[in-house]
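*Asks:* Quick one: this structure, given as structure tokens, is what I'll be asking you about.
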Amino acid sequence: MIIAVKRGTDAAELRDFTAFLENRGVRVHRSEGTSQTVLGLVGDTTGIDEEGLKAHHLVEKVIRVQEPYKRANRLFHPEDTRIDGTGPDGRDWHIGAGNLGIIAGPCSVEGQDQILETALAVQKAGARFLRGGAFKPRTSPYSFQGMGCKGLDLLVEAKKAAGLPLVTELMDIRQLELFDQVDIIQVGARNMQNFALLKELGRCRKPVLLKRGYACTITELLMAAEYLMAGGNDQIILCERGIRSFDNYTRNILDLSAVPALKRQSHLPVIVDPSHATGLAWMVPAMAKAAVAAGADGLIVEVHRDPERALCDGEQSITHKGFSSLMESLKKYAAIEGKCL
Ligand code: PEP
Ligand code: MN
């Protein structure tokens, strides 16, 4: 971080200001020009509040040279991070560092036979993880809100029957005690900047799938990951799921450039959700393949046995058959990218 000091600052003020900065754990390198003094801060500047500094009466300008995130930054961790676990079938699973994690299942669990049937179908087609929401963040309070605790029990039953690790969304930290059998906790787009939730999940030792808020920048997503990591949880998977823009042809705009951008800035695995990004089942396979070609470490795809009758997100859900043919083509794409499926 570089600070240009206001003209007319005297030596005593500069000394006090330097001490103020050094008290925040950085070394201060001073360069005196003919008309301007510039201070270079050396060391960990994550504890320095840039906005607060700009408000200081001696400060003319602040320039941040390094990104405000540290633990998520590739600069300090050049190798790709791999998230690992063991599934209910005893098999180890991996996401990142050359491993493509395919997560599939319905938007919501709707009943025992529905989730069981889809869990077995996606497993047969080659998915490595089961998704399904029990607690649903719906725009309208009158829409189906998910089956709650009962839904979670059904998901756990289905994960065991299919032998697949379970990914499901947590909306409220009070639900955490119910998530014992959940393998990856999803933080949805609407909660990406729920900092109280992120702080609590930072203390937990389970992998977190962190979805990008639909009006959040790449840096904001990485700062949300930083919240989790600052709490000690380094098992974070980032997810691009579409952002808001002016065109409403698709439900959101899939920002595929976020994949190489996030992978350049961070060592964390990045997956793509082509279902919420497009909102259109027929577009999901094309975007899923494009995501793998763009370097994604995995996909989260909504699959329903009868999309027309789905209680949530039917329009963007592909059928069991559709998922099976998508998996067939993904095998080829994974091979081209040199990734293990
Ligand atoms: C979901 O995965 O079902 C979901 C609600 O996703 P998002 O938070 O991306 O909208
Ligand atoms: Mn959904």
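Letters A, B, ... mark the chains of the structure tokens in the order given; residue numbers begin at 1 per chain; ligand numbers begin at 1, in order shown.
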Can you list, as a list in words, every protein, DNA or RNA residue that comes within 8 Å of A:Trp282 when you count only C-alpha atoms, leaving out same-chain residues fewer than 2 positions away?
*Replies:*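 Those residues are Leu280, Val284, Pro285, Gln316 and Ile318 of chain A.
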*Asks:* Produce a file of the selected residues containing all heavy atoms, as a PDB file, in the first residue's frame.
*Replies:*
```pdb
ATOM      1  N   LEU A 280     -32.492 -22.015 -17.935  1.00  0.00           N
ATOM      2  CA  LEU A 280     -33.096 -22.723 -19.072  1.00  0.00           C
ATOM      3  C   LEU A 280     -32.438 -24.093 -19.233  1.00  0.00           C
ATOM      4  O   LEU A 280     -31.245 -24.177 -19.538  1.00  0.00           O
ATOM      5  CB  LEU A 280     -32.883 -21.910 -20.359  1.00  0.00           C
ATOM      6  CG  LEU A 280     -33.489 -20.501 -20.366  1.00  0.00           C
ATOM      7  CD1 LEU A 280     -32.920 -19.683 -21.526  1.00  0.00           C
ATOM      8  CD2 LEU A 280     -35.013 -20.575 -20.453  1.00  0.00           C
ATOM      9  N   VAL A 284     -28.351 -25.649 -20.446  1.00  0.00           N
ATOM     10  CA  VAL A 284     -27.434 -26.143 -19.414  1.00  0.00           C
ATOM     11  C   VAL A 284     -26.261 -26.962 -19.992  1.00  0.00           C
ATOM     12  O   VAL A 284     -25.104 -26.698 -19.650  1.00  0.00           O
ATOM     13  CB  VAL A 284     -28.218 -26.915 -18.319  1.00  0.00           C
ATOM     14  CG1 VAL A 284     -27.296 -27.743 -17.431  1.00  0.00           C
ATOM     15  CG2 VAL A 284     -29.030 -25.927 -17.475  1.00  0.00           C
ATOM     16  N   PRO A 285     -26.514 -27.933 -20.906  1.00  0.00           N
ATOM     17  CA  PRO A 285     -25.373 -28.720 -21.401  1.00  0.00           C
ATOM     18  C   PRO A 285     -24.305 -27.859 -22.087  1.00  0.00           C
ATOM     19  O   PRO A 285     -23.101 -28.053 -21.843  1.00  0.00           O
ATOM     20  CB  PRO A 285     -26.019 -29.700 -22.389  1.00  0.00           C
ATOM     21  CG  PRO A 285     -27.438 -29.831 -21.903  1.00  0.00           C
ATOM     22  CD  PRO A 285     -27.806 -28.468 -21.394  1.00  0.00           C
ATOM     23  N   GLN A 316     -35.276 -24.872 -15.272  1.00  0.00           N
ATOM     24  CA  GLN A 316     -33.828 -24.985 -15.476  1.00  0.00           C
ATOM     25  C   GLN A 316     -33.290 -26.383 -15.142  1.00  0.00           C
ATOM     26  O   GLN A 316     -32.084 -26.605 -15.209  1.00  0.00           O
ATOM     27  CB  GLN A 316     -33.097 -23.939 -14.622  1.00  0.00           C
ATOM     28  CG  GLN A 316     -33.210 -24.172 -13.116  1.00  0.00           C
ATOM     29  CD  GLN A 316     -32.785 -22.972 -12.309  1.00  0.00           C
ATOM     30  OE1 GLN A 316     -33.004 -21.834 -12.699  1.00  0.00           O
ATOM     31  NE2 GLN A 316     -32.133 -23.196 -11.187  1.00  0.00           N
ATOM     32  N   ILE A 318     -32.625 -30.301 -15.704  1.00  0.00           N
ATOM     33  CA  ILE A 318     -32.553 -31.270 -16.792  1.00  0.00           C
ATOM     34  C   ILE A 318     -33.074 -32.622 -16.271  1.00  0.00           C
ATOM     35  O   ILE A 318     -33.121 -32.862 -15.062  1.00  0.00           O
ATOM     36  CB  ILE A 318     -31.128 -31.385 -17.411  1.00  0.00           C
ATOM     37  CG1 ILE A 318     -30.062 -31.741 -16.367  1.00  0.00           C
ATOM     38  CG2 ILE A 318     -30.755 -30.087 -18.110  1.00  0.00           C
ATOM     39  CD1 ILE A 318     -28.673 -32.005 -16.972  1.00  0.00           C
TER      40      ILE A 318
END
```
*Asks:* Residues of chain A that approach ligand 1 to 10 Å or less, counting only C-alpha atoms and all ligand atoms: could you list each one with the shortest pair of atoms and its distance in Å to one decimal, rows by chain and increasing residue number, as CSV?
*Replies:*
```
residue,atom,partner,partner_atom_place_in_ligand_line,distance
A:Gly105,CA,ligand 1,3 (O),9.8
A:Pro106,CA,ligand 1,3 (O),8.2
A:Cys107,CA,ligand 1,3 (O),4.8
A:Ser108,CA,ligand 1,3 (O),7.0
A:Arg131,CA,ligand 1,2 (O),8.2
A:Gly132,CA,ligand 1,3 (O),7.3
A:Gly133,CA,ligand 1,3 (O),6.2
A:Ala134,CA,ligand 1,3 (O),9.6
A:Phe135,CA,ligand 1,5 (C),9.3
A:Lys136,CA,ligand 1,5 (C),6.5
A:Pro137,CA,ligand 1,5 (C),5.9
A:Arg138,CA,ligand 1,5 (C),7.5
A:Thr139,CA,ligand 1,5 (C),9.8
A:Val167,CA,ligand 1,2 (O),9.5
A:Thr168,CA,ligand 1,2 (O),8.0
A:Glu169,CA,ligand 1,2 (O),7.2
A:Met171,CA,ligand 1,8 (O),9.9
A:Gln186,CA,ligand 1,2 (O),7.8
A:Val187,CA,ligand 1,8 (O),7.0
A:Gly188,CA,ligand 1,8 (O),3.3
A:Ala189,CA,ligand 1,8 (O),3.7
A:Arg190,CA,ligand 1,8 (O),5.7
A:Asn191,CA,ligand 1,8 (O),7.5
A:Met192,CA,ligand 1,8 (O),8.4
A:Leu210,CA,ligand 1,8 (O),8.9
A:Lys211,CA,ligand 1,9 (O),5.8
A:Arg212,CA,ligand 1,9 (O),7.2
A:Gly213,CA,ligand 1,9 (O),7.5
A:Tyr214,CA,ligand 1,9 (O),8.0
A:Cys239,CA,ligand 1,9 (O),8.3
A:Glu240,CA,ligand 1,9 (O),8.1
A:Arg241,CA,ligand 1,9 (O),5.4
A:Gly242,CA,ligand 1,9 (O),7.7
A:Ile243,CA,ligand 1,9 (O),9.5
A:Asn252,CA,ligand 1,10 (O),10.0
A:Val272,CA,ligand 1,9 (O),9.9
A:Asp273,CA,ligand 1,9 (O),7.4
A:Pro274,CA,ligand 1,9 (O),9.8
A:Ser275,CA,ligand 1,2 (O),8.6
A:His276,CA,ligand 1,9 (O),5.9
A:Ala277,CA,ligand 1,9 (O),7.9
A:Ile300,CA,ligand 1,2 (O),8.0
A:Val301,CA,ligand 1,2 (O),8.6
A:Glu302,CA,ligand 1,3 (O),7.9
A:Cys312,CA,ligand 1,3 (O),8.5
A:Asp313,CA,ligand 1,3 (O),8.0
```
*Asks:* Could you state the separation of atom CA of A:Gly98 and atom CA of A:Ala291 in Å, given to one decimal place?
*Replies:*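 That distance, rounded to one decimal, is 14.3 Å.
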*Asks:* Which residues in stretch 104-138 of chain A does DSSP call strand (DSSP E or B)? List them as a list of chain:residue names.
*Replies:*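 Reading the DSSP output for stretch 104-138 of chain A, strand (DSSP E or B) covers A:Ala104, A:Gly105, A:Ser108, A:Phe129, A:Leu130, A:Arg131, A:Gly133.
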*Asks:* Got time to write the residues from that selection, C-alpha atoms, as a tab-separated table (two decimals), in the first residue's frame?
*Replies:*
```
chain	number	residue	atom	x	y	z
A	104	ALA	CA	-26.10	-33.11	-9.32
A	105	GLY	CA	-29.59	-33.44	-7.96
A	108	SER	CA	-35.23	-29.14	-3.63
A	129	PHE	CA	-21.96	-35.65	-5.31
A	130	LEU	CA	-25.65	-35.30	-4.58
A	131	ARG	CA	-27.24	-31.86	-4.27
A	133	GLY	CA	-32.12	-28.15	-0.90
```
*Asks:* Compare A:Val303, A:Val182, A:Ala97, A:Met327 by their minimum atom-to-atom distance to ligand 2, counting only C-alpha atoms and all ligand atoms, and give me the closest one.
*Replies:* A:Val303
*Asks:* Quick one: of A:Leu330, A:Ile115, A:Leu201, A:Val109, who's nearest to ligand 2, counting only C-alpha atoms and all ligand atoms?
*Replies:*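 Among the listed residues, A:Val109 lies closest to ligand 2.
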*Asks:* Just give me the gap between atom CA of A:Asp153 and atom CA of A:Leu311 in Å, one decimal is fine.
*Replies:* 18.4 Å
*Asks:* One decimal, in Å: what's the spacing between atom CA of A:Lys289 and atom CA of A:Ile237?
*Replies:*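 Value for the atom CA of A:Lys289-atom CA of A:Ile237 distance: 19.1 Å.
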*Asks:* As a compact mmCIF listing (two decimals) with N, CA, C and O atoms, in the first residue's frame, please: the residues near A:Leu41 (cut-off 7 Å, only C-alpha atoms, same-chain neighbours under 2 positions excluded).
*Replies:*
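Writing done, so here's result.txt:
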```txt
# COMPACT_ATOMS: atom_id res chain seq x y z
N MET A 1 0.86 -1.19 0.00
CA MET A 1 0.00 0.00 0.00
C MET A 1 0.89 1.24 0.00
O MET A 1 1.91 1.28 0.69
N ILE A 2 0.50 2.21 -0.81
CA ILE A 2 1.29 3.44 -0.90
C ILE A 2 0.43 4.62 -0.46
O ILE A 2 -0.74 4.73 -0.86
N VAL A 26 2.98 -2.83 10.33
CA VAL A 26 3.70 -2.75 9.05
C VAL A 26 4.97 -1.90 9.22
O VAL A 26 5.08 -1.13 10.17
N ARG A 27 5.90 -2.09 8.30
CA ARG A 27 7.07 -1.20 8.27
C ARG A 27 6.76 -0.09 7.29
O ARG A 27 6.03 -0.29 6.31
N VAL A 28 7.30 1.10 7.55
CA VAL A 28 6.99 2.24 6.70
C VAL A 28 8.27 2.71 6.01
O VAL A 28 9.28 3.00 6.67
N HIS A 29 8.20 2.72 4.68
CA HIS A 29 9.36 3.17 3.91
C HIS A 29 9.03 4.55 3.35
O HIS A 29 8.06 4.73 2.62
N LEU A 39 4.70 7.38 1.41
CA LEU A 39 5.03 6.31 2.36
C LEU A 39 4.65 4.96 1.75
O LEU A 39 3.53 4.80 1.27
N GLY A 43 4.84 -5.25 4.39
CA GLY A 43 4.37 -6.28 5.33
C GLY A 43 2.89 -6.55 5.11
O GLY A 43 2.33 -6.22 4.07
```
*Asks:* Can you list every residue in stretch 2-59 of chain A that DSSP puts in alpha helix (DSSP H), as number ranges by chain?
*Replies:* A: 11-22, 50-54
*Asks:* Just the residues within 10 Å of A:Trp93, please, counting only C-alpha atoms, with nothing from its chain fewer than 6 positions along; format it as a compact mmCIF listing (two decimals) with N, CA, C and O atoms, in the first residue's frame.
*Replies:*
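Output contents, as saved in part_10.txt:
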```txt
# COMPACT_ATOMS: atom_id res chain seq x y z
N ARG A 82 -6.79 -28.44 -3.13
CA ARG A 82 -7.69 -29.56 -3.41
C ARG A 82 -8.53 -29.80 -2.16
O ARG A 82 -8.00 -29.85 -1.06
N ILE A 83 -9.83 -29.90 -2.36
CA ILE A 83 -10.73 -30.18 -1.24
C ILE A 83 -11.01 -31.69 -1.25
O ILE A 83 -11.37 -32.24 -2.30
N ASP A 84 -10.82 -32.31 -0.12
CA ASP A 84 -10.94 -33.77 -0.03
C ASP A 84 -11.95 -34.20 1.03
O ASP A 84 -12.21 -33.47 1.98
N GLY A 85 -12.44 -35.39 0.85
CA GLY A 85 -13.31 -35.99 1.87
C GLY A 85 -13.50 -37.46 1.55
O GLY A 85 -12.98 -37.97 0.55
N THR A 86 -14.26 -38.12 2.40
CA THR A 86 -14.59 -39.53 2.15
C THR A 86 -16.10 -39.64 2.09
O THR A 86 -16.79 -39.13 2.97
N GLY A 87 -16.59 -40.26 1.05
CA GLY A 87 -18.03 -40.39 0.85
C GLY A 87 -18.64 -41.50 1.70
O GLY A 87 -17.91 -42.27 2.33
N ASN A 99 -9.03 -32.31 -10.39
CA ASN A 99 -10.21 -33.18 -10.15
C ASN A 99 -11.49 -32.40 -10.40
O ASN A 99 -11.74 -31.37 -9.77
N GLY A 101 -15.27 -32.01 -10.01
CA GLY A 101 -16.33 -32.48 -9.12
C GLY A 101 -17.70 -32.20 -9.72
O GLY A 101 -18.06 -31.04 -9.90
N ARG A 128 -20.51 -37.35 -8.84
CA ARG A 128 -19.73 -37.74 -7.65
C ARG A 128 -20.34 -37.20 -6.35
O ARG A 128 -19.94 -37.56 -5.26
N PHE A 129 -21.33 -36.26 -6.49
CA PHE A 129 -21.96 -35.65 -5.31
C PHE A 129 -23.45 -35.48 -5.58
O PHE A 129 -23.86 -35.24 -6.71
N LEU A 164 -23.25 -41.27 -2.28
CA LEU A 164 -22.69 -39.99 -2.72
C LEU A 164 -22.61 -38.98 -1.57
O LEU A 164 -23.55 -38.85 -0.79
N PRO A 165 -21.50 -38.23 -1.49
CA PRO A 165 -21.44 -37.15 -0.51
C PRO A 165 -22.52 -36.11 -0.80
O PRO A 165 -22.90 -35.92 -1.97
```
*Asks:* Might you pull out every residue within 8 Å of A:His267, with only C-alpha atoms counted and same-chain residues fewer than 3 positions away left off, and present them as number ranges by chain?
*Replies:* A: 72-74, 77-81, 263-264
*Asks:* Would you mind listing what lies within 7 Å of stretch 62-70 of chain A as a list in words, with only C-alpha atoms counted and same-chain residues fewer than 5 positions away left out?
*Replies:*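 Those residues are Met1, Ile2, Ile3, Ala4, Thr46, Lys54, Leu222, Met223 and Glu226 of chain A.
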*Asks:* Restricting the calculation to only C-alpha atoms and all ligand atoms: of A:Ala281, A:Leu341, A:Val38, A:Leu256, which residue gets closest to ligand 2?
*Replies:*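 That would be A:Ala281, the residue with the smallest distance to ligand 2.
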*Asks:* Which residues come within 12 Å of A:Glu32, counting only C-alpha atoms, excluding same-chain residues fewer than 4 positions away, as a list in words?
*Replies:*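 These residues fall inside the cut-off: Ala4, Val5, Arg7, Thr9, Ala11, Leu14, Gln36, Thr37, Val38, Leu39 and Gly40 of chain A.
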*Asks:* Between A:Ile218, A:Ile185, A:Cys340, A:Leu166, which residue has the minimum interatomic distance to A:Gly298, considering only C-alpha atoms?
*Replies:*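 Selected residue with least distance to A:Gly298: A:Cys340.
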